[in-house]
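File shown: structure20.cif (mmCIF, C-alpha atoms).
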data_target
#
loop_
_atom_site.label_atom_id
_atom_site.label_comp_id
_atom_site.auth_asym_id
_atom_site.auth_seq_id
_atom_site.Cartn_x
_atom_site.Cartn_y
_atom_site.Cartn_z
CA MET A 1 -104.86 -92.71 75.85
CA LYS A 2 -105.31 -88.92 75.99
CA SER A 3 -103.10 -88.56 72.92
CA LEU A 4 -105.28 -91.05 71.06
CA ILE A 5 -108.41 -89.13 72.10
CA PHE A 6 -106.92 -85.86 70.83
CA GLN A 7 -105.91 -87.39 67.50
CA PHE A 8 -109.24 -89.13 67.22
CA HIS A 9 -111.07 -85.85 67.80
CA THR A 10 -109.20 -84.10 65.04
CA LEU A 11 -109.53 -86.94 62.53
CA ILE A 12 -113.03 -88.35 62.76
CA GLN A 13 -115.45 -85.92 61.20
CA GLN A 14 -118.48 -88.14 61.55
CA ARG A 15 -118.29 -88.55 65.30
CA HIS A 16 -121.99 -89.25 65.78
CA LYS A 17 -121.96 -91.92 63.09
CA PHE A 18 -118.91 -93.57 64.66
CA TYR A 19 -120.52 -93.38 68.10
CA GLU A 20 -123.71 -95.04 66.85
CA ALA A 21 -121.71 -97.76 65.10
CA ALA A 22 -119.79 -98.48 68.30
CA LEU A 23 -122.98 -98.51 70.39
CA GLU A 24 -124.51 -100.98 67.95
CA ALA A 25 -121.31 -103.05 67.91
CA ASN A 26 -121.25 -102.69 64.13
CA THR A 27 -117.73 -103.81 63.32
CA GLN A 28 -118.11 -103.31 59.58
CA LEU A 29 -119.29 -99.69 59.87
CA VAL A 30 -116.62 -98.84 62.46
CA LEU A 31 -113.95 -100.20 60.13
CA GLU A 32 -115.40 -98.27 57.18
CA LEU A 33 -115.28 -95.03 59.19
CA VAL A 34 -111.72 -95.74 60.28
CA LYS A 35 -110.79 -95.89 56.59
CA GLU A 36 -111.64 -92.18 56.38
CA ILE A 37 -108.68 -91.37 58.62
CA PRO A 38 -105.64 -90.20 56.64
CA GLU A 39 -102.98 -92.89 56.22
CA THR A 40 -100.46 -90.62 57.92
CA GLU A 41 -102.25 -91.36 61.20
CA SER A 42 -101.31 -95.01 61.26
CA PHE A 43 -101.26 -95.23 65.09
CA VAL A 44 -104.88 -94.08 65.32
CA ILE A 45 -105.94 -96.36 62.48
CA GLN A 46 -104.21 -99.38 64.00
CA SER A 47 -105.54 -98.68 67.50
CA LEU A 48 -109.17 -98.22 66.44
CA THR A 49 -109.02 -101.19 64.07
CA LYS A 50 -107.62 -103.39 66.81
CA LEU A 51 -110.36 -102.35 69.24
CA ALA A 52 -113.07 -103.02 66.65
CA LYS A 53 -111.68 -106.40 65.62
CA GLN A 54 -111.42 -107.42 69.28
CA PHE A 55 -115.05 -106.35 69.79
CA LYS A 56 -114.05 -103.77 72.41
CA PHE A 57 -116.91 -101.45 71.54
CA GLU A 58 -117.21 -100.20 75.11
CA LYS A 59 -113.70 -98.74 74.83
CA LEU A 60 -114.60 -97.14 71.49
CA VAL A 61 -117.70 -95.60 73.06
CA ASP A 62 -115.59 -94.33 75.98
CA LEU A 63 -113.21 -92.69 73.50
CA ILE A 64 -115.87 -90.86 71.55
CA GLU A 65 -118.34 -89.84 74.26
CA PRO A 66 -116.25 -86.90 75.52
CA LEU A 67 -115.97 -85.61 71.95
CA LEU A 68 -119.71 -85.47 71.40
CA SER A 69 -120.16 -82.69 73.94
CA ASP A 70 -118.08 -80.40 71.68
CA ASP A 71 -120.80 -80.27 69.02
#
Render the structure in this file as structure tokens.
Amino acid sequence: MKSLIFQFHTLIQQRHKFYEAALEANTQLVLELVKEIPETESFVIQSLTKLAKQFKFEKLVDLIEPLLSDD
């Protein structure tokens, strides 16, 4: 999980937008933001897509919250 958090931190440039989408349980917006991740990061893409499609927004929020304090 820590590896995913590190990769997620370096890949998602619109952290606040992703956070808001997860808080709102906006599957469509989460999936759109995941598309911004380079295809070379297939593990991150697959993991975040799976969480969104399974409606596990609480986990997505838990992943991004620690990254928001870096701003």
Nearest to Thr27 in chain A by atom-to-atom distance, counting only C-alpha atoms, from A:Thr40, A:Gln14, A:Thr49, A:Ile64
A:Thr49
Chain and number of each residue from the PyMOL selection byres ((chain A and resi 22) around 9), as a PyMOL selection string:
chain A and resi 17-21+23-27+29-30+52+56-61
Give me, please, the distance in Å between CA of Gln46 in chain A and CA of Asp62 in chain A, quoted to one decimal.
17.3 Å
In terms of only C-alpha atoms, the residue from A:Leu51, A:Phe43, A:Leu68, A:His16 at minimal distance from Leu31 in chain A is A:Leu51
Using Å and a single decimal, report how far CA of Leu67 in chain A sits from CA of Leu33 in chain A.
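Calculated distance between CA of Leu33 in chain A and CA of Leu67 in chain A is 15.9 Å.
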Point-to-point distance from CA of Gln54 in chain A to CA of Gln28 in chain A, Å rounded to tenths
12.5 Å
